[in-house]
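S.K.: Right, I'll just put the structure down here and ask away after.
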There are 2 protein chains.
Amino acid sequence: MAAAEEAKEKDWIPAAVPGAVQLDWARAQGLPDFHVGDNVRQWQGLDESHWTYRAALPALPELEEGERLFLVLEGVDYECEVSLDGERLYRQCGLQTPIQLDLGERARAGAAVCVHVFPAPKSRALPLDRSQADHSCKPPVAYGWDFHPRLIPLGLWRDAYLEMRPAVRFAANPEINYTLDASCTRATGRLQVELAETAVEGVRLRWRLKSPDGRTLVAEEIPIAAGATKAAIPFGIDVPADALWWPHDQGIPALHTSEVELITADGAVRDRVVRRIGFRRVRLVMAPGEWDTPAVFPKSRSRPPLTLEINGRPIFAKGSNWVCPDVFPARVTAERYDALLELARASHFNLLRVWGGATAPHDRFYERCDELGLMVWQEFPLACNLYPDDADYLVVLDQESRSLIARLKDHASVVLWCGGNELFNAWSKMTDQSLPLRLLNRNCYELDPWRPFLPTAPIDGMGHGHYVFSDAATGEEAWALMQRSNCTAYSEFGCPGPAPAAVLRKIIPEDELWPPRRGTAWETHHALGAWQVESWLHLATIERYFGPCASLEELVERGQLLQSAGFQGMFEEARRQKPTASMALNWCLTEPWPCAANNSLIAWPCEPKPALARVAEACRPTLASARIRKFAWAAGEGFDPEIWLLNDAPVGQAAVEVVVWLELDGARHELLTWNTGEIAPGANRRGPRAQFTLPKFDDERFTLRLEVRGRPEWNSHYTLLKARAWQASAAVEHVAGALNV
Amino acid sequence: MAAAEEAKEKDWIPAAVPGAVQLDWARAQGLPDFHVGDNVRQWQGLDESHWTYRAALPALPELEEGERLFLVLEGVDYECEVSLDGERLYRQCGLQTPIQLDLGERARAGAAVCVHVFPAPKSRALPLDRSQADHSCKPPVAYGWDFHPRLIPLGLWRDAYLEMRPAVRFAANPEINYTLDASCTRATGRLQVELAETAVEGVRLRWRLKSPDGRTLVAEEIPIAAGATKAAIPFGIDVPADALWWPHDQGIPALHTSEVELITADGAVRDRVVRRIGFRRVRLVMAPGEWDTPAVFPKSRSRPPLTLEINGRPIFAKGSNWVCPDVFPARVTAERYDALLELARASHFNLLRVWGGATAPHDRFYERCDELGLMVWQEFPLACNLYPDDADYLVVLDQESRSLIARLKDHASVVLWCGGNELFNAWSKMTDQSLPLRLLNRNCYELDPWRPFLPTAPIDGMGHGHYVFSDAATGEEAWALMQRSNCTAYSEFGCPGPAPAAVLRKIIPEDELWPPRRGTAWETHHALGAWQVESWLHLATIERYFGPCASLEELVERGQLLQSAGFQGMFEEARRQKPTASMALNWCLTEPWPCAANNSLIAWPCEPKPALARVAEACRPTLASARIRKFAWAAGEGFDPEIWLLNDAPVGQAAVEVVVWLELDGARHELLTWNTGEIAPGANRRGPRAQFTLPKFDDERFTLRLEVRGRPEWNSHYTLLKARAWQASAAVEHVAGALNV
């Protein structure tokens with residue numbers, strides 16, 4: 001505070017709340033937009049300063065007997081000290097834990113409320129990377145990632161306000177804990193409330209629970225004994241199938257409404273909490289056959305369960321990794337959440353993995369997921385670091401995780417807790433014995449035992465990666481990689497594509513725009529050397545498939561085609577592996593700023609790339625699908641796609657005929673017609689493998705079409721490429737290898 | 001209690017405490033020894049009755065002000081109700097939780113104390129097997145196992161007594177929590193005590209901590225504020241290397257002595273707790289190279305750490321599974337624990353896995369392990385069942401696990417908590433999501449965070465089995481199985497052998513003794529059909545290797561030879577795989593009753609089988625070792641043992657020469673001499689592979705000898721067999737296969 005106290009009056013600048021100190025400083029100083037060129041460098045380093053917010057209390061109303069004036073800071077990023085007229089009131093680390101301070105007698109109009117924000121936590125001076133966040137609950141992505149500039153937000157990222165609170169009030173949100181019975185038709189549980197102060201004579205608790213169609217299911221009012229601080233109302237209600245909360249592709253995400261009130265002897269409602277509740281049971285269950293392995297001695301364990309089961313029904317989870325749609329979480333408006341989540345749902349996604357590297361979103365995100373029937377896999381703020389067993393760290397992690405659990409526990413959409421990202425891999429070196437993860441398991445077990453918990457992703461059976469269309473070292477393509485894999489869940493797989501040309505023209509100065517080179521804004525915006533040498537533009541790969549690119553537009557079109565094809569093939573292949581596989585989540589949905597190239601399906605702030613449409617098709621509940629060995633083909637090769645009918649819909653379908661043909665040089669080459677037979681609910685059907693020798697052809701690109709007679713909405717098509725010389729010879733080798741088998 | 005109250009006086013029989021109702025009943029009724037023949041059948045079913053213990057209170061001394069008279073039941077198996085003069089005082093489920101009842105004003109000389117014991121818990125009527133124990137904390141082994149008769153103890157299995165307790169006393173044992181610093185030379189922590197009642201004026205806490213050599217390291221005396229119930233003394237002491245607790249093969253298991261006293265204003269010592277403390281740091285660490293896998297995309301996780309590290313030094317754990325040395329835990333005396341543990345230590349074992357299927361031993365077991373430097377892997381009472389997420393079960397598991405943690409936490413020897421046996425396998429079907437295991441992880445984290453926790457064994461990387469010398473279906477031998485395996489820990493591997501002939505003659509009626517047949521006491525005593533058809537006698541296997549057996553003695557000698565050879569080869573192979581492998585624990589050390597054949601190394605009650613001596617040799621800290629492909633060899637075959645020098649000792653050794661020769665038909669065939677080069681501390685050296693074509697020979701058995709010049713205590717030898725016809729041809733195939741590679 002010394003620095004703040006000495007600050008001269010002229011050093012104060014206007015602050016916007018919610019916001020971040022960097023945004024305020026940039027506004028005051030007229031810094032250029034950090035999204036453009038290399039401007040971000042001018043924004044860096046501000047996280048190393050101390051910052052103080054100050055405000056004068058307004059004229060205050062008279063407090064009635066027992067009423068309290070609270071200062072509420074919903075979220076301060078990251079370490080802060082709150083003072084009133086120079087008197088220190090409170091100090092806290094952690095951005096997920098709201099601060100609620102009873103200002104008491106000290107409150108007076110004009111009093112200075114100060115929130116002193118300390119420099120961003122850094123466990124060491126160097127290197128300037130995520131490892132600096134390894135002793136704190138600060139989301140590490142901001143310290144620099146392969147899709148995120150180094151720009152570490154600080155400040156009041158959620159709302160701050162004064163609140164008059166009645167004497168009779170809840171200490172925290174009332175809890176409604178329930179379990180569904182085995183048939184998922186009846187919920188039994190308890191409403192539990194805790195009062196902020198011991199109850200006075202005559203206080204009553206009133207609870208109304210209404211069904212999704214507005215019928216009153218519970219209407220109870222009970223007295224709370226004077227002196228008590230707790231009360232509970234047990235309940236049991238029938239929940240018919242259409243009143244359960246379902247992911248949108250499996251049913252209706254029905255929401256009940258709970259209204260809990262505290263009433264005093266005079267009949268006045270002193271406190272009221274209205275929440276929506278989705279009744280549903282979530283479990284992780286074993287995929288069929290998984291108990292059969294290991295088959296031989298010495299026996300290890302069976303792979304852990306990773307199939308999400310909702311209300312007794314195993315669900316194939318399709319979706320994406322939610323990273324953070326902005327460098328500054330405070331800037332993400334309800335409108336942006338809404339638009340992104342609408343896109344996710346329209347793409348037939350039913351699950352988003354809220355990745356541990358970034359800040360957990362605002363409440364709005366979870367509310368919309370509840371409404372839209374999007375499942376959420378929620379991680380705690382650990383990613384790609386060795387978080388320590390130190391007591392200091394564990395205290396903050398305990399606080400932050402409890403706050404996050406309390407905030408999200410009521411959301412039906414949240415189906416899974418997870419300790420964080422890639423913690424059991426060589427680049428993190430945490431293990432099952434790490435105390436931070438045992439603490440998180442403990443907290444989830446204690447506060448929310450009926451929601452599954454994973455220590456991290458990936459665990460055994462789960463797969464992360466690859467993040468290329470074609471591996472630079474081995475030449476293995478994304479399709480082939482997925483086809484040889486045998487994961488129970490694909491929780492991350494990427495395929496990069498460039499941003500739209502219009503975006504590139506905005507963020508890269510004209511003199512750096514063509515050709516893409518290291519040391520330019522292309523690199524700053526993660527198109528070159530972001531992860532591997534080629535990441536994420538992969539120019540060499542694009543030119544290997546298509547030859548030299550003549551223009552920015554051509555490069556973008558080709559790169560986006562590879563991304564589209566790669567993701568299409570990966571999503572569909574993961575689905576073909578159902579029920580062993582039960583999850584396909586690509587890396588990643590959106591991005592925090594305009595990357596020149598990235599695995600994202602939606603460019604910042606909300607610009608769908610072409611791949612999103614192809615992914616949406618690949619994620620339709622029901623579709624015809626082809627397993628194709630590779631992307632580029634030469635004349636004379638045996639083209640041999642295997643045909644499938646994929647069905648995640650909970651309803652069965654009558655048999656259909658799938659007609660398969662190639663569009664090549666304008667001609668139609670029929671490969672086969674397949675009668676699928678009856679299609680069971682939620683079950684795929686595997687069909688025949690075509691055998692077709694490719695004739696000589698001229699087109700650079702050609703198309704495989706799967707037409708489903710009478711069901712055009714299930715049609716699929718695959719854009720394929722004429723192989724260039726190197727691919728043709730590789731292809732011949734491949735065929736030769738296959739013949740040997 | 002109704003049944004008990006109505007019981008006629010003549011129905012009462014004398015009871016011995018500690019004991020079991022079955023032992024009392026058998027004594028009263030003159031039942032024959034259940035260890036013999038099929039007598040055990042007469043003992044079965046008694047667990048379905050209600051039983052009541054009763055005793056009259058003796059003449060009671062005057063209680064001083066604040067003194068209390070407690071009834072202490074250290075362990076009641078399993079569900080009980082305690083009453084005094086017909087008034088119900090307490091009810092409990094669970095055998096690990098002591099019952100301590102303040103008898104208060106109701107105590108009077110002659111008053112009847114009754115402990116009513118309910119029938120053994122059974123979650124269902126059929127089948128009559130371990131699954132009946134799947135909703136309780138009753139150790140399931142007693143419900144019938146492949147080495148344990150169905151005989152389910154009930155009653156007061158630990159001591160019961162009256163105790164006068166002072167007004168000023170500890171509520172529980174004082175806790176000493178500490179951590180060792182990174183260099184393991186300084187312990188810092190806190191002594192924490194809780195008082196049974198709020199402190200009166202003038203109460204003081206005195207603590208003396210003495211080093212292993214009797215020096216006083218801490219001598220503190222602090223006042224406890226009147227009205228307080230807690231007090232703590234922080235401490236920091238230097239712990240030189242020779243004052244640390246080490247497993248016996250790595251150093252001295254040094255024990256400090258702590259004496260904690262409560263003193264009142266008059267200077268009187270009111271309560272005193274003396275405990276021994278071993279200062280040591282235990283962690284599970286990754287084996288070298290484990291972070292390098294998985295190497296390819298999609299990436300799963302690296303295998304979890306399973307190498308025990310004590311005081312910064314990775315330890316190769318050698319030992320055995322501790323099952324239960326008696327059907328009735330109450331019958332295991334201090335002398336029996338001592339004798340068995342001395343044998344374990346003399347066999348160079350440094351770890352015992354206290355298997356979750358059986359009852360956790362008495363304190364004596366752990367005290368001796370502390371003293372002997374034997375590490376203990378302690379499991380909770382779950383094994384081979386699907387324990388449910390039900391609240392009723394979780395309440396008892398919570399209580400029982402907390403009791404076990406509190407009882408064992410102070411023991412330096414206990415290095416590992418584990419949820420239970422084989423819970424993640426098909427025959428149990430529990431998973432990482434099972435609430436019982438999340439509860440256990442929670443309790444261990446909260447009460448004892450610095451001791452590693454495993455949810456079960458096996459987990460990924462760990463191997464269980466096989467339990468044969470030669471697999472009946474594939475013919476694969478135990479040696480070969482271990483040689484092709486790549487586990488990080490071998491936590492169970494078996495090789496059965498018959499009991500000594502003298503034991504067999506005692507337990508099997510003469511008319512059933514020869515030949516061994518189904519439907520006789522051979523089967524009752526687990527020699528036939530206990531697990532697989534041949535288990536555990538494996539007569540067909542013995543005769544396949546040796547030809548028909550002419551007598552009981554011949555059968556026993558041959559079966560014990562296979563067991564000896566099998567275990568020797570398995571232990572040594574696991575050690576050769578160090579440092580990837582870090583653990584070799586055979587199934588099992590001892591047995592609960594005289595099995596006619598079993599994997600045990602020590603027959604009941606304490607009769608070493610010949611295999612124990614060979615295992616002891618295989619577990620010497622340093623020895624010459626040969627990796628031999630198979631047990632039976634024919635003339636003309638290429639005999640090609642690979643020679644190793646195994647060293648688990650923490651000290652390096654100068655180079656030695658190992659001379660390798662075969663003793664065959666009385667002649668000595670030199671195979672090679674190997675100069676090992678310098679031997680690093682705790683590191684093996686891999687030597688050359690011999691190549692020797694076996695001449696024609698007559699001996700049924702021959703011997704490979706490894707002589708270490710100047711170090712005869714490191715010599716090793718391997719008994720091998722002349723192949724019979726079927727083995728010779730299999731061997732030739734094997735060689736042919738090898739040549740193809």
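How things are named: the first chain in the structure tokens is A, the next is B, and so on; residues count from 1 in each chain; ligands count from 1 in the order shown.
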Output as a ChimeraX atom specification all residues of segment 429-613 of chain B that backbone DSSP marks as helix (DSSP H, G or I).

M.R.: /B:435-447,478-484,501-507,510-512,521-524,539-546,552-576,610-613

S.K.: Quick one: which residues from chain B are at most 6 Å off chain A, using only C-alpha atoms, as a list in words?

M.R.: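 That gives Trp291, Phe297, Pro298, Lys299, Ser300, Arg301, Ser302, Phe424, Asn425, Ala426, Arg442, Pro458, Ile459, Asp460, Met462, Gly463, His464, Gly465 and His466 of chain B for chain B.
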
S.K.: Atom CA of Gly278 of chain B and atom CA of Ala412 of chain B, how far apart in Å?

M.R.: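 If I compute the distance from atom CA of Ala412 of chain B to atom CA of Gly278 of chain B, I get 5.0 Å.
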
S.K.: Between segment 347-447 of chain A and segment 168-173 of chain A, at 12 Å or less, what are the per-residue closest atom pairs and their distances in Å? Count only C-alpha atoms, order by chain and rising residue number, and return it as a tab-separated table.

M.R.:
```
residue	atom	partner	partner_atom	distance
A:Ser403	CA	A:Ala172	CA	11.2
A:Ala406	CA	A:Asn173	CA	8.5
A:Arg407	CA	A:Asn173	CA	9.1
A:Leu408	CA	A:Asn173	CA	11.4
A:Lys409	CA	A:Asn173	CA	10.7
A:Asp410	CA	A:Asn173	CA	9.7
```

S.K.: Residues within 7 Å of Arg272 of chain A, please, as a PyMOL selection string. Count only C-alpha atoms; anything in the same chain fewer than 2 positions from it doesn't count.

M.R.: chain A and resi 259-262+270+274

S.K.: So that I have them on file, write out the residues from the current selection with all heavy atoms, as a PDB file, in the first residue's frame.

M.R.:
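Generated file (again31.pdb):
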```
ATOM      1  N   GLU A 259     -37.568 -21.552  -5.655  1.00  0.00           N
ATOM      2  CA  GLU A 259     -37.599 -20.237  -5.020  1.00  0.00           C
ATOM      3  C   GLU A 259     -37.552 -20.469  -3.521  1.00  0.00           C
ATOM      4  O   GLU A 259     -38.435 -21.112  -2.956  1.00  0.00           O
ATOM      5  CB  GLU A 259     -38.884 -19.506  -5.410  1.00  0.00           C
ATOM      6  CG  GLU A 259     -38.958 -18.085  -4.895  1.00  0.00           C
ATOM      7  CD  GLU A 259     -40.347 -17.478  -5.157  1.00  0.00           C
ATOM      8  OE1 GLU A 259     -41.357 -18.069  -4.684  1.00  0.00           O
ATOM      9  OE2 GLU A 259     -40.420 -16.443  -5.805  1.00  0.00           O
ATOM     10  N   VAL A 260     -36.510 -19.996  -2.898  1.00  0.00           N
ATOM     11  CA  VAL A 260     -36.333 -20.203  -1.454  1.00  0.00           C
ATOM     12  C   VAL A 260     -36.369 -18.839  -0.784  1.00  0.00           C
ATOM     13  O   VAL A 260     -35.677 -17.912  -1.215  1.00  0.00           O
ATOM     14  CB  VAL A 260     -34.993 -20.906  -1.151  1.00  0.00           C
ATOM     15  CG1 VAL A 260     -34.944 -21.324   0.306  1.00  0.00           C
ATOM     16  CG2 VAL A 260     -34.792 -22.110  -2.051  1.00  0.00           C
ATOM     17  N   GLU A 261     -37.192 -18.731   0.258  1.00  0.00           N
ATOM     18  CA  GLU A 261     -37.367 -17.428   0.909  1.00  0.00           C
ATOM     19  C   GLU A 261     -37.236 -17.546   2.416  1.00  0.00           C
ATOM     20  O   GLU A 261     -37.608 -18.562   3.003  1.00  0.00           O
ATOM     21  CB  GLU A 261     -38.754 -16.862   0.590  1.00  0.00           C
ATOM     22  CG  GLU A 261     -38.923 -16.518  -0.882  1.00  0.00           C
ATOM     23  CD  GLU A 261     -40.366 -16.146  -1.223  1.00  0.00           C
ATOM     24  OE1 GLU A 261     -41.291 -16.796  -0.660  1.00  0.00           O
ATOM     25  OE2 GLU A 261     -40.566 -15.242  -2.025  1.00  0.00           O
ATOM     26  N   LEU A 262     -36.727 -16.487   2.984  1.00  0.00           N
ATOM     27  CA  LEU A 262     -36.709 -16.351   4.439  1.00  0.00           C
ATOM     28  C   LEU A 262     -37.731 -15.289   4.809  1.00  0.00           C
ATOM     29  O   LEU A 262     -37.692 -14.168   4.285  1.00  0.00           O
ATOM     30  CB  LEU A 262     -35.323 -15.925   4.917  1.00  0.00           C
ATOM     31  CG  LEU A 262     -34.284 -17.024   5.075  1.00  0.00           C
ATOM     32  CD1 LEU A 262     -32.969 -16.406   5.523  1.00  0.00           C
ATOM     33  CD2 LEU A 262     -34.757 -18.082   6.075  1.00  0.00           C
ATOM     34  N   ARG A 270     -37.448 -11.548   3.637  1.00  0.00           N
ATOM     35  CA  ARG A 270     -36.181 -10.862   3.896  1.00  0.00           C
ATOM     36  C   ARG A 270     -35.084 -11.279   2.928  1.00  0.00           C
ATOM     37  O   ARG A 270     -34.165 -10.512   2.661  1.00  0.00           O
ATOM     38  CB  ARG A 270     -35.715 -11.153   5.331  1.00  0.00           C
ATOM     39  CG  ARG A 270     -36.664 -10.667   6.393  1.00  0.00           C
ATOM     40  CD  ARG A 270     -36.727  -9.139   6.391  1.00  0.00           C
ATOM     41  NE  ARG A 270     -37.841  -8.680   7.217  1.00  0.00           N
ATOM     42  CZ  ARG A 270     -38.029  -7.411   7.539  1.00  0.00           C
ATOM     43  NH1 ARG A 270     -37.199  -6.466   7.097  1.00  0.00           N
ATOM     44  NH2 ARG A 270     -39.077  -7.063   8.265  1.00  0.00           N
ATOM     45  N   VAL A 274     -33.655 -17.468  -6.141  1.00  0.00           N
ATOM     46  CA  VAL A 274     -34.350 -18.200  -7.193  1.00  0.00           C
ATOM     47  C   VAL A 274     -33.288 -18.858  -8.082  1.00  0.00           C
ATOM     48  O   VAL A 274     -32.353 -18.194  -8.528  1.00  0.00           O
ATOM     49  CB  VAL A 274     -35.235 -17.261  -8.037  1.00  0.00           C
ATOM     50  CG1 VAL A 274     -35.913 -18.033  -9.166  1.00  0.00           C
ATOM     51  CG2 VAL A 274     -36.263 -16.578  -7.143  1.00  0.00           C
TER      52      VAL A 274
END
```

S.K.: Could you pull out all residues of segment 122-298 of chain B with a DSSP call of strand (DSSP E or B) and give them as a PyMOL selection string?

M.R.: chain B and resi 145+148+155-156+160-165+170+175-180+186-195+204-210+216-223+230-238+245+253+256-263+269-277+282-285

S.K.: What's the 6 Å shell around Ala489 of chain B, counting only C-alpha atoms, without same-chain residues fewer than 3 positions away, as a PDB file with all heavy atoms, in the first residue's frame?

M.R.:
```pdb
ATOM      1  N   MET B 462       1.239 -52.062 -12.690  1.00  0.00           N
ATOM      2  CA  MET B 462       1.398 -53.084 -11.653  1.00  0.00           C
ATOM      3  C   MET B 462       0.872 -54.410 -12.198  1.00  0.00           C
ATOM      4  O   MET B 462      -0.068 -54.430 -12.976  1.00  0.00           O
ATOM      5  CB  MET B 462       0.535 -52.645 -10.477  1.00  0.00           C
ATOM      6  CG  MET B 462       0.982 -53.075  -9.115  1.00  0.00           C
ATOM      7  SD  MET B 462      -0.233 -52.463  -7.901  1.00  0.00           S
ATOM      8  CE  MET B 462       0.641 -51.075  -7.206  1.00  0.00           C
ATOM      9  N   ALA B 581      11.160 -51.910 -12.960  1.00  0.00           N
ATOM     10  CA  ALA B 581      10.404 -52.561 -11.886  1.00  0.00           C
ATOM     11  C   ALA B 581      11.009 -52.154 -10.555  1.00  0.00           C
ATOM     12  O   ALA B 581      12.220 -51.938 -10.444  1.00  0.00           O
ATOM     13  CB  ALA B 581      10.454 -54.072 -12.046  1.00  0.00           C
ATOM     14  N   SER B 582      10.170 -52.027  -9.564  1.00  0.00           N
ATOM     15  CA  SER B 582      10.651 -51.574  -8.259  1.00  0.00           C
ATOM     16  C   SER B 582      10.061 -52.388  -7.130  1.00  0.00           C
ATOM     17  O   SER B 582      10.213 -52.017  -5.966  1.00  0.00           O
ATOM     18  CB  SER B 582      10.285 -50.106  -8.062  1.00  0.00           C
ATOM     19  OG  SER B 582       8.877 -49.976  -8.072  1.00  0.00           O
ATOM     20  N   MET B 583       9.396 -53.467  -7.456  1.00  0.00           N
ATOM     21  CA  MET B 583       8.695 -54.186  -6.401  1.00  0.00           C
ATOM     22  C   MET B 583       8.495 -55.642  -6.805  1.00  0.00           C
ATOM     23  O   MET B 583       8.067 -55.912  -7.935  1.00  0.00           O
ATOM     24  CB  MET B 583       7.327 -53.529  -6.208  1.00  0.00           C
ATOM     25  CG  MET B 583       6.774 -53.617  -4.837  1.00  0.00           C
ATOM     26  SD  MET B 583       5.205 -52.711  -4.738  1.00  0.00           S
ATOM     27  CE  MET B 583       5.736 -51.149  -4.027  1.00  0.00           C
TER      28      MET B 583
END
```

S.K.: Could you pull the residues within 7 Å of Val82 of chain A, counting only C-alpha atoms, minus those fewer than 4 positions along the same chain, as a VMD selection string?

M.R.: chain A and resid 88 to 91 114 to 116

S.K.: Identify which of the residues A:Glu700, A:Thr474, A:Ile13, A:Gly419 lies closest to Arg558 of chain A, counting only C-alpha atoms when measuring atom-to-atom distances.

M.R.: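 Of A:Glu700, A:Thr474, A:Ile13, A:Gly419, the one nearest Arg558 of chain A, counting only C-alpha atoms, is A:Glu700.
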
S.K.: Between atom CA of Glu220 of chain B and atom CA of Val282 of chain B, what is the distance in Å, rounded to a tenth?

M.R.: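 Those two atoms sit 27.9 Å apart.
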
S.K.: I'd like the interatomic distance between atom CA of Pro592 of chain B and atom CA of Cys369 of chain B, to a tenth of an Å.

M.R.: 19.8 Å

S.K.: Pick out the residues sitting within 8 Å of Pro329 of chain A, and hand them over as a tab-separated table (two decimals) with N, CA, C and O atoms, in the first residue's frame; count only C-alpha atoms, and ignore anything fewer than 3 positions along from it in its own chain.

M.R.:
```tsv
chain	number	residue	atom	x	y	z
A	157	TRP	N	-12.15	-8.25	-12.32
A	157	TRP	CA	-12.63	-8.85	-13.57
A	157	TRP	C	-14.11	-9.16	-13.53
A	157	TRP	O	-14.72	-9.43	-14.56
A	324	CYS	N	-10.83	-19.81	-23.98
A	324	CYS	CA	-11.07	-18.50	-23.39
A	324	CYS	C	-11.28	-17.60	-24.58
A	324	CYS	O	-10.44	-17.54	-25.46
A	325	PRO	N	-12.42	-16.99	-24.66
A	325	PRO	CA	-12.72	-16.24	-25.89
A	325	PRO	C	-12.13	-14.84	-25.89
A	325	PRO	O	-12.43	-14.07	-26.79
A	326	ASP	N	-11.30	-14.53	-24.89
A	326	ASP	CA	-10.68	-13.20	-24.88
A	326	ASP	C	-9.48	-13.23	-23.95
A	326	ASP	O	-9.45	-13.99	-22.99
A	332	VAL	N	-15.62	-10.47	-22.01
A	332	VAL	CA	-16.54	-11.41	-22.65
A	332	VAL	C	-17.96	-11.11	-22.17
A	332	VAL	O	-18.30	-11.34	-21.02
A	359	THR	N	-9.29	-19.08	-17.49
A	359	THR	CA	-10.22	-18.69	-16.43
A	359	THR	C	-11.59	-19.32	-16.65
A	359	THR	O	-12.09	-19.31	-17.77
A	361	PRO	N	-15.38	-19.45	-17.04
A	361	PRO	CA	-16.24	-18.37	-17.53
A	361	PRO	C	-17.19	-17.80	-16.47
A	361	PRO	O	-17.30	-18.33	-15.36
```

S.K.: Env of Pro641 of chain B: 8 Å cut, atoms = only C-alpha atoms, seq-sep filter 6 positions within chain, self excluded. Answer as a list in words.

M.R.: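 With the cut-off at 8 Å, the set is Ala626, Arg627, Ile628, Arg629, Arg689, Ala690 and Gln691 of chain B.
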